[in-house]
$ cat target17.txt   # compact mmCIF, C-alpha atoms
# COMPACT_ATOMS: atom_id res chain seq x y z
CA MET O 1 137.20 123.75 104.66
CA GLY O 2 135.27 125.30 101.73
CA GLN O 3 131.62 126.26 101.88
CA ALA O 4 129.16 123.49 101.12
CA THR O 5 127.69 123.76 97.64
CA ASP O 6 123.94 124.01 97.08
CA GLY O 7 124.13 120.44 95.82
CA ASP O 8 125.72 119.24 99.08
CA LEU O 9 123.09 121.00 101.15
CA TRP O 10 120.31 119.73 98.94
CA ARG O 11 121.48 116.13 99.19
CA ARG O 12 121.73 116.43 102.96
CA ALA O 13 118.22 117.87 103.03
CA VAL O 14 116.92 114.96 100.95
CA ASP O 15 118.62 112.59 103.38
CA GLY O 16 116.53 114.07 106.16
CA GLU O 17 118.61 116.95 107.49
CA PRO O 18 116.27 119.95 107.91
CA ASN O 19 119.11 122.22 109.03
CA ALA O 20 120.79 121.80 105.65
CA PHE O 21 117.55 123.05 104.11
CA GLY O 22 117.65 125.94 106.57
CA ALA O 23 121.11 126.82 105.26
CA LEU O 24 119.76 126.84 101.71
CA PHE O 25 116.99 129.14 102.86
CA GLU O 26 119.51 131.51 104.38
CA ARG O 27 121.50 131.48 101.17
CA HIS O 28 118.68 132.10 98.71
CA ALA O 29 115.70 133.58 100.58
CA GLN O 30 116.57 137.18 99.71
CA ALA O 31 116.80 136.43 96.00
CA VAL O 32 113.49 134.56 96.07
CA TYR O 33 111.92 137.35 98.12
CA ASN O 34 112.97 140.03 95.64
CA TYR O 35 111.90 137.94 92.66
CA LEU O 36 108.48 137.49 94.24
CA PHE O 37 108.19 141.19 95.00
CA ARG O 38 108.90 142.03 91.38
CA ARG O 39 106.19 139.65 90.26
CA THR O 40 103.58 140.80 92.80
CA ALA O 41 104.43 144.44 93.65
CA ASP O 42 103.66 143.60 97.26
CA TRP O 43 106.45 143.22 99.82
CA ALA O 44 104.25 141.55 102.46
CA LEU O 45 102.90 139.02 99.97
CA ALA O 46 106.41 138.40 98.67
CA GLU O 47 107.57 137.59 102.19
CA GLU O 48 104.71 135.19 102.78
CA LEU O 49 105.24 133.53 99.41
CA THR O 50 108.95 133.13 100.14
CA SER O 51 107.98 130.75 102.92
CA VAL O 52 105.52 129.01 100.60
CA VAL O 53 108.25 128.54 97.97
CA PHE O 54 110.59 126.87 100.44
CA LEU O 55 107.86 124.71 101.98
CA GLU O 56 106.85 123.65 98.48
CA SER O 57 110.48 123.00 97.57
CA TRP O 58 110.87 120.76 100.61
CA ARG O 59 107.77 118.84 99.56
CA ARG O 60 109.29 118.29 96.14
CA ARG O 61 112.92 117.93 97.20
CA ARG O 62 113.21 114.32 96.08
CA ASP O 63 112.17 115.22 92.52
CA VAL O 64 115.12 117.53 92.00
CA ARG O 65 118.47 117.02 90.37
CA LEU O 66 120.28 120.29 90.60
CA GLU O 67 121.91 121.46 87.39
CA ARG O 68 125.50 122.54 87.99
CA GLU O 69 124.86 122.35 91.75
CA LEU O 70 122.79 125.55 91.71
CA ALA O 71 119.57 125.67 93.69
CA LEU O 72 118.43 129.20 92.82
CA PRO O 73 117.17 128.49 89.28
CA TRP O 74 115.06 125.65 90.59
CA LEU O 75 113.78 127.71 93.52
CA LEU O 76 112.78 130.51 91.18
CA GLY O 77 111.03 127.91 89.03
CA VAL O 78 109.06 126.83 92.09
CA ALA O 79 108.34 130.51 92.81
CA THR O 80 107.03 130.95 89.26
CA ASN O 81 104.73 127.96 89.71
CA VAL O 82 103.57 129.22 93.08
CA LEU O 83 102.63 132.52 91.45
CA ARG O 84 100.87 130.72 88.63
CA ASN O 85 98.92 128.48 90.99
CA GLY O 86 97.94 131.44 93.12
CA ARG O 87 95.84 130.61 96.11
CA ARG O 88 96.13 126.85 95.67
CA SER O 89 99.79 126.88 96.72
CA GLN O 90 99.02 129.03 99.72
CA ARG O 91 96.10 126.84 100.72
CA ARG O 92 98.35 123.79 100.65
CA HIS O 93 100.65 125.35 103.23
CA ARG O 94 98.07 127.37 105.12
CA ALA O 95 98.36 125.37 108.32
CA ALA O 96 102.15 125.75 108.32
CA LEU O 97 101.92 129.48 107.66
CA GLU O 98 99.44 129.92 110.48
CA ARG O 99 102.03 128.57 112.88
CA LEU O 100 104.44 131.39 112.01
CA PRO O 101 104.77 133.86 114.90
CA ARG O 102 103.37 137.26 113.85
CA GLU O 103 106.00 139.65 115.16
CA HIS O 104 108.59 142.09 114.00
CA ALA O 105 106.05 144.37 112.31
CA HIS O 106 108.28 147.26 113.35
CA ASP O 107 111.22 145.93 111.32
CA PHE O 108 110.28 148.02 108.29
CA ALA O 109 109.54 151.24 110.17
CA ASP O 110 112.62 153.06 108.85
CA GLU O 111 111.89 152.32 105.25
CA ALA O 112 108.11 151.99 105.25
CA ASN O 113 107.63 154.94 102.91
CA ASP O 114 110.32 153.72 100.54
CA ARG O 115 108.69 150.34 100.40
CA LEU O 116 105.34 151.91 99.61
CA ASP O 117 107.00 153.84 96.78
CA ASP O 118 108.52 150.58 95.55
CA GLN O 119 105.11 149.00 95.46
CA ARG O 120 103.55 151.86 93.53
CA GLN O 121 106.41 151.84 91.05
CA MET O 122 106.32 148.11 90.64
CA GLN O 123 102.56 148.18 90.07
CA THR O 124 103.16 150.55 87.17
CA VAL O 125 105.75 148.20 85.72
CA LEU O 126 103.52 145.17 86.13
CA ARG O 127 100.61 146.94 84.46
CA ALA O 128 102.83 147.46 81.43
CA MET O 129 104.14 143.90 81.66
CA ALA O 130 100.62 142.52 81.76
CA LYS O 131 100.36 143.26 78.06
CA LEU O 132 102.91 140.51 77.41
CA PRO O 133 101.93 136.84 77.32
CA ARG O 134 102.49 135.17 80.67
CA ARG O 135 105.33 132.97 79.47
CA GLU O 136 107.20 135.97 78.11
CA GLN O 137 106.71 137.74 81.42
CA ASP O 138 108.23 134.70 83.15
CA VAL O 139 111.32 134.70 80.94
CA LEU O 140 111.78 138.44 81.27
CA ALA O 141 111.46 138.30 85.04
CA LEU O 142 113.93 135.44 85.35
CA CYS O 143 116.54 136.57 82.82
CA VAL O 144 116.40 140.33 83.33
CA TRP O 145 115.08 140.99 86.81
CA ALA O 146 116.55 137.94 88.56
CA GLU O 147 119.60 137.90 86.27
CA LEU O 148 119.55 134.19 85.57
CA ARG O 149 121.51 132.92 82.61
CA TYR O 150 119.50 131.47 79.73
CA GLU O 151 120.43 127.95 80.79
CA GLU O 152 119.31 128.64 84.35
CA ALA O 153 116.02 130.18 83.23
CA ALA O 154 115.49 127.07 81.10
CA VAL O 155 115.90 124.95 84.24
CA ALA O 156 113.54 127.20 86.18
CA LEU O 157 110.82 126.95 83.54
CA GLY O 158 111.47 123.40 82.42
CA VAL O 159 111.83 124.41 78.77
CA PRO O 160 114.72 124.17 76.28
CA VAL O 161 117.28 126.98 76.22
CA GLY O 162 116.23 127.89 72.68
CA THR O 163 112.70 128.53 73.91
CA VAL O 164 114.02 130.91 76.57
CA ARG O 165 116.00 132.81 73.93
CA SER O 166 113.08 133.12 71.54
CA ARG O 167 110.60 134.13 74.24
CA LEU O 168 112.98 136.76 75.56
CA SER O 169 113.59 138.08 72.10
CA ARG O 170 109.86 138.36 71.45
CA ALA O 171 109.33 140.03 74.83
CA ARG O 172 111.97 142.65 74.02
CA VAL O 173 110.37 143.45 70.69
CA ARG O 174 106.96 143.73 72.30
CA ILE O 175 108.26 146.04 75.02
CA ARG O 176 109.93 148.27 72.45
CA ASN O 177 106.69 148.46 70.50
CA LEU O 178 104.68 149.18 73.63
CA SER O 179 107.09 151.92 74.69
CA SER O 180 106.94 153.52 71.25
CA ALA O 181 103.18 153.35 71.23
CA HIS O 182 103.11 155.22 74.55
CA GLY O 183 105.42 157.93 73.23
CA HIS O 184 108.46 156.83 75.25
CA GLU O 185 111.91 156.43 73.85
CA PRO O 186 112.33 152.73 73.24
CA ASP O 187 114.85 151.66 75.83
CA GLY O 188 114.94 147.93 75.40
CA GLU O 189 113.70 146.23 78.52
CA PRO O 190 113.06 146.77 82.19
CA ALA O 191 116.40 147.44 83.81
CA VAL O 192 117.80 146.12 87.03
CA PRO O 193 119.38 148.72 89.28
CA ALA O 194 122.28 147.97 91.60
CA LYS O 195 121.19 146.37 94.84
CA GLU O 196 120.86 148.81 97.72
CA ALA O 197 123.21 148.35 100.64
CA MET X 1 114.07 155.31 80.90
CA SER X 2 110.26 155.38 81.19
CA ASP X 3 108.41 154.91 84.47
CA GLU X 4 106.84 151.77 83.07
CA THR X 5 110.18 150.00 82.94
CA ARG X 6 112.00 151.32 86.02
CA ILE X 7 112.34 148.53 88.54
CA PRO X 8 112.66 149.37 92.25
CA ALA X 9 115.93 148.38 93.85
CA GLN X 10 116.24 145.12 95.69
CA ARG X 11 115.64 145.15 99.43
CA ASP X 12 116.49 142.59 102.02
CA LEU X 13 114.25 141.08 104.61
CA PRO X 14 115.61 142.38 107.92
CA PRO X 15 117.81 139.79 109.67
CA GLY X 16 115.28 139.23 112.47
CA ARG X 17 112.51 138.35 110.07
CA LEU X 18 114.78 136.21 107.96
CA GLN X 19 115.83 134.27 111.04
CA LEU X 20 112.22 133.91 112.17
CA ARG X 21 111.18 132.50 108.80
CA LYS X 22 114.18 130.20 108.71
CA GLU X 23 113.41 128.79 112.15
CA HIS X 24 109.77 128.37 111.17
CA LEU X 25 110.76 126.54 107.98
CA VAL X 26 113.18 124.20 109.74
CA GLY X 27 110.57 123.52 112.44
CA GLU X 28 107.89 122.74 109.89
CA VAL X 29 109.98 120.41 107.75
CA THR X 30 111.26 118.61 110.83
CA MET X 31 107.66 118.04 111.88
CA TRP X 32 106.68 116.85 108.39
CA ASP X 33 109.53 114.40 108.36
CA ARG X 34 108.62 113.02 111.74
CA GLU X 35 104.97 112.73 110.72
CA ALA X 36 105.88 111.08 107.40
CA LYS X 37 108.00 108.48 109.19
CA ARG X 38 105.21 107.79 111.67
CA ARG X 39 102.68 107.50 108.87
CA LYS X 40 104.93 105.17 106.92
CA ARG X 41 105.46 103.00 109.97
CA ARG X 42 101.74 102.94 110.70
CA LEU X 43 100.88 102.05 107.14
CA ALA X 44 103.53 99.36 107.05
CA LEU X 45 102.30 97.89 110.30
CA VAL X 46 98.67 97.94 109.34
CA LEU X 47 98.95 96.95 105.73
CA ALA X 48 101.74 94.41 106.05
CA PRO X 49 99.48 91.47 106.86
CA VAL X 50 97.02 92.34 104.17
CA VAL X 51 99.69 93.04 101.61
CA LEU X 52 101.63 89.91 102.42
CA ALA X 53 98.73 87.57 102.84
CA VAL X 54 96.45 88.77 100.10
CA LEU X 55 97.56 91.57 97.84
CA ALA X 56 100.86 89.98 96.93
CA VAL X 57 98.98 86.95 95.70
CA THR X 58 96.14 88.58 93.87
CA GLY X 59 97.42 92.06 93.08
CA PHE X 60 95.21 95.04 93.76
CA THR X 61 93.57 95.11 90.37
CA THR X 62 93.44 91.50 89.25
CA TYR X 63 90.85 89.34 90.84
CA ALA X 64 87.58 87.71 89.98
CA LEU X 65 85.20 90.22 88.43
CA THR X 66 82.68 91.50 90.89
CA ARG X 67 80.65 94.64 90.99
CA GLU X 68 79.99 94.73 94.70
CA PRO X 69 82.72 96.11 96.91
CA THR X 70 84.04 93.32 99.10
CA ARG X 71 87.11 95.05 100.46
CA LEU X 72 85.84 97.86 102.55
CA GLU X 73 88.95 98.09 104.69
CA SER X 74 91.12 99.92 102.20
CA VAL X 75 90.96 102.43 99.39
CA GLY X 76 93.28 102.64 96.40
CA CYS X 77 94.06 106.20 95.37
CA PHE X 78 95.14 106.14 91.72
CA GLU X 79 97.52 108.78 90.46
CA THR X 80 95.97 108.90 86.99
CA ALA X 81 92.63 107.99 85.42
CA GLU X 82 93.83 104.58 84.29
CA LEU X 83 94.01 101.15 85.86
CA VAL X 84 97.74 100.66 85.33
CA GLY X 85 98.93 103.81 87.09
CA ASN X 86 100.54 104.24 90.51
CA ILE X 87 98.32 103.46 93.46
CA ALA X 88 98.53 104.51 97.09
CA ILE X 89 96.63 102.00 99.20
CA VAL X 90 95.38 103.46 102.44
CA ASN X 91 92.98 102.48 105.17
CA ALA X 92 89.34 103.28 104.75
CA ASP X 93 88.12 105.07 107.83
CA GLY X 94 84.40 105.43 107.25
CA ARG X 95 84.69 108.65 105.25
CA ALA X 96 83.84 108.82 101.56
CA PRO X 97 86.72 107.27 99.55
CA THR X 98 87.04 110.46 97.51
CA ALA X 99 87.54 112.45 100.72
CA ILE X 100 90.27 110.05 101.84
CA CYS X 101 92.17 110.34 98.57
CA ALA X 102 91.60 114.09 98.31
CA GLU X 103 93.37 114.41 101.64
CA LEU X 104 96.37 112.47 100.27
CA TRP X 105 96.49 114.75 97.26
CA ARG X 106 96.31 117.81 99.51
CA GLN X 107 99.15 116.54 101.65
CA GLY X 108 101.30 115.99 98.59
CA ASP X 109 101.48 112.23 99.15
CA MET X 110 100.31 111.53 95.61
CA GLY X 111 103.33 113.16 94.00
CA PRO X 112 104.35 116.61 92.95
CA GLY X 113 101.54 117.31 90.47
CA PRO X 114 98.58 119.53 91.30
CA ALA X 115 95.60 117.90 92.98
CA PRO X 116 92.85 116.98 90.52
CA GLU X 117 89.71 119.08 90.60
CA ASN X 118 87.43 116.02 90.80
CA LEU X 119 87.78 112.45 91.96
CA ALA X 120 85.59 109.46 91.18
CA ALA X 121 85.28 106.37 93.36
CA CYS X 122 84.67 103.09 91.56
CA VAL X 123 84.50 99.39 92.40
CA LEU X 124 87.57 97.64 91.01
CA GLU X 125 87.51 94.13 89.66
CA THR X 126 89.10 93.06 92.93
CA GLY X 127 86.10 94.23 94.90
CA ALA X 128 88.23 97.02 96.35
CA ILE X 129 87.51 100.70 95.97
CA GLY X 130 89.60 102.73 93.56
CA VAL X 131 89.57 106.49 93.41
CA PHE X 132 90.62 108.16 90.16
CA PRO X 133 91.15 111.71 88.95
CA SER X 134 87.95 112.47 87.08
CA SER X 135 87.08 114.87 84.32
CA GLY X 136 83.34 114.51 84.50
CA LYS X 137 80.46 112.07 84.77
CA ASN X 138 80.70 108.39 83.88
CA SER X 139 84.35 108.19 84.92
CA CYS X 140 83.90 104.68 86.30
CA GLN X 141 82.11 103.45 83.18
CA GLN X 142 84.88 104.85 80.99
CA LEU X 143 87.30 102.65 82.93
CA GLY X 144 85.01 99.65 82.61
CA LEU X 145 84.22 99.78 86.32
CA ALA X 146 81.07 100.03 88.39
CA ASN X 147 80.02 102.94 90.53
CA ILE X 148 79.98 102.46 94.27
CA PRO X 149 76.57 101.13 95.34
CA PRO X 150 74.42 103.18 97.72
CA THR X 151 74.92 100.56 100.44
CA TYR X 152 78.67 101.16 100.53
CA ALA X 153 78.68 104.12 102.91
CA ALA X 154 76.78 102.31 105.67
CA GLU X 155 78.87 99.12 105.30
CA ALA X 156 82.13 101.05 105.30
CA GLU X 157 81.06 102.93 108.38
CA ARG X 158 80.09 99.71 110.14
CA LEU X 159 83.47 98.16 109.38
CA ALA X 160 85.28 101.32 110.48
CA ALA X 161 83.40 101.18 113.78
CA LEU X 162 84.43 97.54 114.27
CA ARG X 163 88.03 98.34 113.47
CA ASN X 164 88.12 101.35 115.77
CA ALA X 165 86.64 99.36 118.61
CA ILE X 166 89.18 96.55 118.20
CA ALA X 167 92.06 98.96 117.81
CA ALA X 168 91.01 100.84 120.93
CA GLU X 169 90.73 97.66 122.96
CA LEU X 170 94.08 96.33 121.81
CA GLY X 171 95.85 99.69 122.03
CA ALA X 172 96.73 99.41 118.35
CA SER X 173 97.56 102.47 116.29
CA TYR X 174 95.41 102.50 113.19
CA GLY X 175 94.79 105.05 110.49
CA SER X 176 95.55 108.47 111.85
CA THR X 177 94.95 107.47 115.47
CA GLU X 178 98.02 106.88 117.59
CA ARG X 179 97.58 104.82 120.71
CA ASP X 180 99.89 103.67 123.45
CA PRO X 181 100.38 99.98 122.79
CA LYS X 182 99.24 97.45 125.36
CA CYS X 183 101.25 94.35 126.04
CA LEU X 184 98.83 91.46 125.49
CA ARG X 185 98.92 87.68 125.46
CA GLU X 186 97.58 85.91 122.40
CA GLU X 187 94.51 84.59 124.25
CA GLU X 188 93.63 88.03 125.54
CA ALA X 189 93.97 89.69 122.13
CA SER X 190 92.03 86.97 120.33
CA ALA X 191 89.26 87.03 122.92
CA PHE X 192 88.88 90.78 122.57
CA VAL X 193 88.65 90.53 118.81
CA ARG X 194 86.22 87.59 118.84
CA HIS X 195 83.98 89.41 121.27
CA GLU X 196 83.79 92.48 119.03
CA LEU X 197 83.26 90.45 115.86
CA THR X 198 80.34 88.64 117.43
CA ALA X 199 78.82 91.72 119.00
CA ARG X 200 78.89 93.64 115.73
CA GLY X 201 77.50 91.00 113.37
CA TYR X 202 80.77 89.69 111.92
CA GLU X 203 80.47 86.16 113.35
CA ASP X 204 81.69 84.58 110.11
CA TRP X 205 85.04 86.38 110.25
CA SER X 206 88.16 84.56 111.44
CA ILE X 207 91.31 85.69 113.22
CA GLU X 208 94.82 85.01 111.91
CA ILE X 209 98.05 85.63 113.77
CA ILE X 210 100.91 86.85 111.62
CA GLY X 211 104.44 86.06 112.80
CA SER X 212 105.74 84.48 115.98
CA GLY X 213 105.68 87.55 118.21
CA PHE X 214 103.39 85.97 120.79
CA THR X 215 105.75 83.05 121.33
CA GLU X 216 108.89 85.18 121.61
CA SER X 217 107.76 87.12 124.63
CA PRO X 218 105.20 86.75 127.43
CA CYS X 219 103.18 89.54 125.86
CA ALA X 220 103.28 91.68 122.74
CA ALA X 221 102.00 94.94 121.31
CA VAL X 222 99.53 94.09 118.57
CA GLY X 223 99.24 95.57 115.09
CA LEU X 224 96.03 95.13 113.14
CA GLY X 225 95.04 94.27 109.60
CA PHE X 226 91.70 93.55 107.95
CA ASP X 227 90.80 91.66 104.79
CA GLY X 228 87.17 92.10 103.96
CA ALA X 229 87.29 89.76 100.96
CA ARG X 230 88.51 86.84 103.05
CA LYS X 231 86.72 88.06 106.18
CA VAL X 232 89.84 87.92 108.30
CA VAL X 233 91.24 90.07 111.08
CA PHE X 234 95.02 89.87 111.20
CA LEU X 235 96.86 90.31 114.46
CA VAL X 236 100.54 91.18 114.13
CA PRO X 237 102.29 90.76 117.49
CA GLU X 238 105.41 92.81 118.12
CA PRO X 239 107.27 91.30 121.10
CA ASP X 240 107.85 93.54 124.08
CA GLU X 241 111.53 94.65 124.03
$ encode --input "target17.txt" --output "structure tokens"
Amino acid sequence: MGQATDGDLWRRAVDGEPNAFGALFERHAQAVYNYLFRRTADWALAEELTSVVFLESWRRRRDVRLERELALPWLLGVATNVLRNGRRSQRRHRAALERLPREHAHDFADEANDRLDDQRQMQTVLRAMAKLPRREQDVLALCVWAELRYEEAAVALGVPVGTVRSRLSRARVRIRNLSSAHGHEPDGEPAVPAKEA
Amino acid sequence: MSDETRIPAQRDLPPGRLQLRKEHLVGEVTMWDREAKRRKRRLALVLAPVVLAVLAVTGFTTYALTREPTRLESVGCFETAELVGNIAIVNADGRAPTAICAELWRQGDMGPGPAPENLAACVLETGAIGVFPSSGKNSCQQLGLANIPPTYAAEAERLAALRNAIAAELGASYGSTERDPKCLREEEASAFVRHELTARGYEDWSIEIIGSGFTESPCAAVGLGFDGARKVVFLVPEPDE
């Protein structure tokens, strides 16, 4: 039997099957986690917000009709809103988050220094990105860092595909100009390296 | 490539942490679901008599024009600052109506949108209390409604105390309070209610039995409803199974 699609799992979740939602979490949590890290430059916050994104998605699960059976664009849209709403989203789920067992702090021991380097590097990137309008940052993060297609980014942001294209185009021009102004070789846009094993 | 555009590589949450968060998520949503079903059942049980006997006839917003609240037993939480929007009708529990509706917004029961910064409580034409998202002062006047009078808080508290006392005596779940139901005969339940009405200054209220639950079984668990406008306590017997 083939693997259940996101759409199948989502429909089962809407019908009151929490384990189907758990399967969706397992499938997409890492992508959401990395997206949130790249928007916050903070691995611990990204982990906490990953839970917030899925709790918020459960709350809104009945509002969703998945495009092409893909849940990730919509989840990243929720993540973008959670980032935009800042503390309000976290407050809404504070009680749930407080029930999370605080363990496994040692899990990152091997790569603690690398993660600190990541954070420093990402802070530098975000400082540069902060010069872009927020909506261009969103498009850049979704299309370039999270590698969504234009259509998927449009779903995530709830805007037409043409808007995604034009915002991305403007963001690229702005980044080129910023790079030139800082004496760097214009190299287009923030790149996405291969995922580490 | 410049430092300003070099993105750190992706990293995974370690499997143990991922599993922990997954189990936490599944546990939380299971709990929410259970709570939502309980709340729905409670609301249905409590509001059914009122909705069937009164609201279905008059509607929540169409009634003789009054400016004094006459329905202290419930609060209508409006989704938008207009009279024709969606309404969630919930039990008043003695708290300020804005606090009751703010809690619904916080819990996400008012829909997916963000909770409004401010809420305004007004007296609807029905004599019920409506709570609306508000953008400033004079929200009630802008809707053609009256503000809640200063006497409301004390009256609402008095009614909440009556309702809590009756619910406790009958073992009826009401509002957010769950109780183990008692199996009661009609005479017993009515006597309890009459006693409390008299003791608390509601002598002119009557008692109505909804449904035939008392005749189908020697005793029944009793659900409660209140209609302040008609001054009626509804008893909804659920036969012992």
$ residues_around --input "target17.txt" --residues "range 214-217 of chain X" --least-positions-apart "6" --cutoff "12 Å" --atoms "all atoms listed in the file" --output "MDAnalysis selection string"
chainID X and resid 183:190 223 235:241
$ closest_residue --input "target17.txt" --among "X:Ile166, X:Val75, X:Ile129, X:Ala115" --to "Asn85 in chain O" --atoms "all atoms listed in the file"
X:Ala115
$ closest_residue --input "target17.txt" --among "O:Leu70, O:Ala96, O:Ala156, O:Ala41" --to "chain X" --atoms "all atoms listed in the file"
O:Ala96
$ closest_residue --input "target17.txt" --among "O:Leu148, O:Leu75, O:Leu83, O:Arg11" --to "Ala29 in chain O" --atoms "all atoms listed in the file"
O:Leu75
$ residues_around --input "target17.txt" --residues "range 160-162 of chain X" --least-positions-apart "3" --cutoff "6 Å" --atoms "all atoms listed in the file" --output "list in words"
Asp93, Gly94, Glu157 and Ala165 of chain X
$ closest_residue --input "target17.txt" --among "O:Gly77, O:Gly7, O:Gly162, O:Pro101" --to "chain X" --atoms "all atoms listed in the file"
O:Pro101
$ atom_distance --input "target17.txt" --atom1 "CA of Leu83 in chain X" --atom2 "CA of Pro133 in chain X"
11.4 Å
$ residues_around --input "target17.txt" --residues "Arg92 in chain O" --least-positions-apart "6" --cutoff "9 Å" --atoms "all atoms listed in the file" --output "MDAnalysis selection string"
(chainID O and resid 52 56) or (chainID X and resid 106:108)
$ write_last_selection --input "target17.txt" --atoms "C-alpha atoms" --output "mmCIF file, in the frame of the given file"
data_model
loop_
_atom_site.group_PDB
_atom_site.id
_atom_site.type_symbol
_atom_site.label_atom_id
_atom_site.label_comp_id
_atom_site.auth_asym_id
_atom_site.auth_seq_id
_atom_site.Cartn_x
_atom_site.Cartn_y
_atom_site.Cartn_z
ATOM 1 C CA VAL O 52 105.520 129.010 100.600
ATOM 2 C CA GLU O 56 106.850 123.650 98.480
ATOM 3 C CA ARG X 106 96.310 117.810 99.510
ATOM 4 C CA GLN X 107 99.150 116.540 101.650
ATOM 5 C CA GLY X 108 101.300 115.990 98.590
#
$ atom_distance --input "target17.txt" --atom1 "CA of Asp110 in chain O" --atom2 "CA of Ala23 in chain O"
27.8 Å
$ atom_distance --input "target17.txt" --atom1 "CA of Cys140 in chain X" --atom2 "CA of Ala81 in chain X"
9.4 Å
$ residues_near_point --input "target17.txt" --point "(90.2, 110.9, 91.9)" --cutoff "10 Å" --atoms "only C-alpha atoms" --output "NGL selection string"
:X and (76-81 or 97-102 or 105 or 115-122 or 130-135 or 139)
$ closest_residue --input "target17.txt" --among "O:Ala112, O:Leu168, O:Cys143, O:Leu126" --to "chain X" --atoms "only C-alpha atoms"
O:Leu126
$ residues_around --input "target17.txt" --residues "Arg12 in chain O" --least-positions-apart "2" --cutoff "12 Å" --atoms "only C-alpha atoms" --output "compact mmCIF listing (two decimals) with C-alpha atoms, keeping the file's coordinate frame"
# COMPACT_ATOMS: atom_id res chain seq x y z
CA ALA O 4 129.16 123.49 101.12
CA THR O 5 127.69 123.76 97.64
CA ASP O 6 123.94 124.01 97.08
CA GLY O 7 124.13 120.44 95.82
CA ASP O 8 125.72 119.24 99.08
CA LEU O 9 123.09 121.00 101.15
CA TRP O 10 120.31 119.73 98.94
CA VAL O 14 116.92 114.96 100.95
CA ASP O 15 118.62 112.59 103.38
CA GLY O 16 116.53 114.07 106.16
CA GLU O 17 118.61 116.95 107.49
CA PRO O 18 116.27 119.95 107.91
CA ASN O 19 119.11 122.22 109.03
CA ALA O 20 120.79 121.80 105.65
CA PHE O 21 117.55 123.05 104.11
CA GLY O 22 117.65 125.94 106.57
CA ALA O 23 121.11 126.82 105.26
CA LEU O 24 119.76 126.84 101.71
CA TRP O 58 110.87 120.76 100.61
CA ARG O 61 112.92 117.93 97.20
CA ARG O 62 113.21 114.32 96.08
$ interface_residues --input "target17.txt" --of "chain X" --to "chain O" --cutoff "10 Å" --atoms "all atoms listed in the file" --output "MDAnalysis selection string"
chainID X and resid 1:34 105:109 111:115
$ residues_around --input "target17.txt" --residues "Asp138 in chain O" --least-positions-apart "3" --cutoff "12 Å" --atoms "all atoms listed in the file" --output "number ranges by chain"
O: 35-36, 38-39, 76-81, 83-84, 126, 129-130, 132-135, 141-146, 148, 153-154, 156-159, 163-164, 167-168, 171
$ closest_residue --input "target17.txt" --among "X:Ala153, X:Leu224, X:Ala146, X:Ile87" --to "Val123 in chain X" --atoms "all atoms listed in the file"
X:Ala146
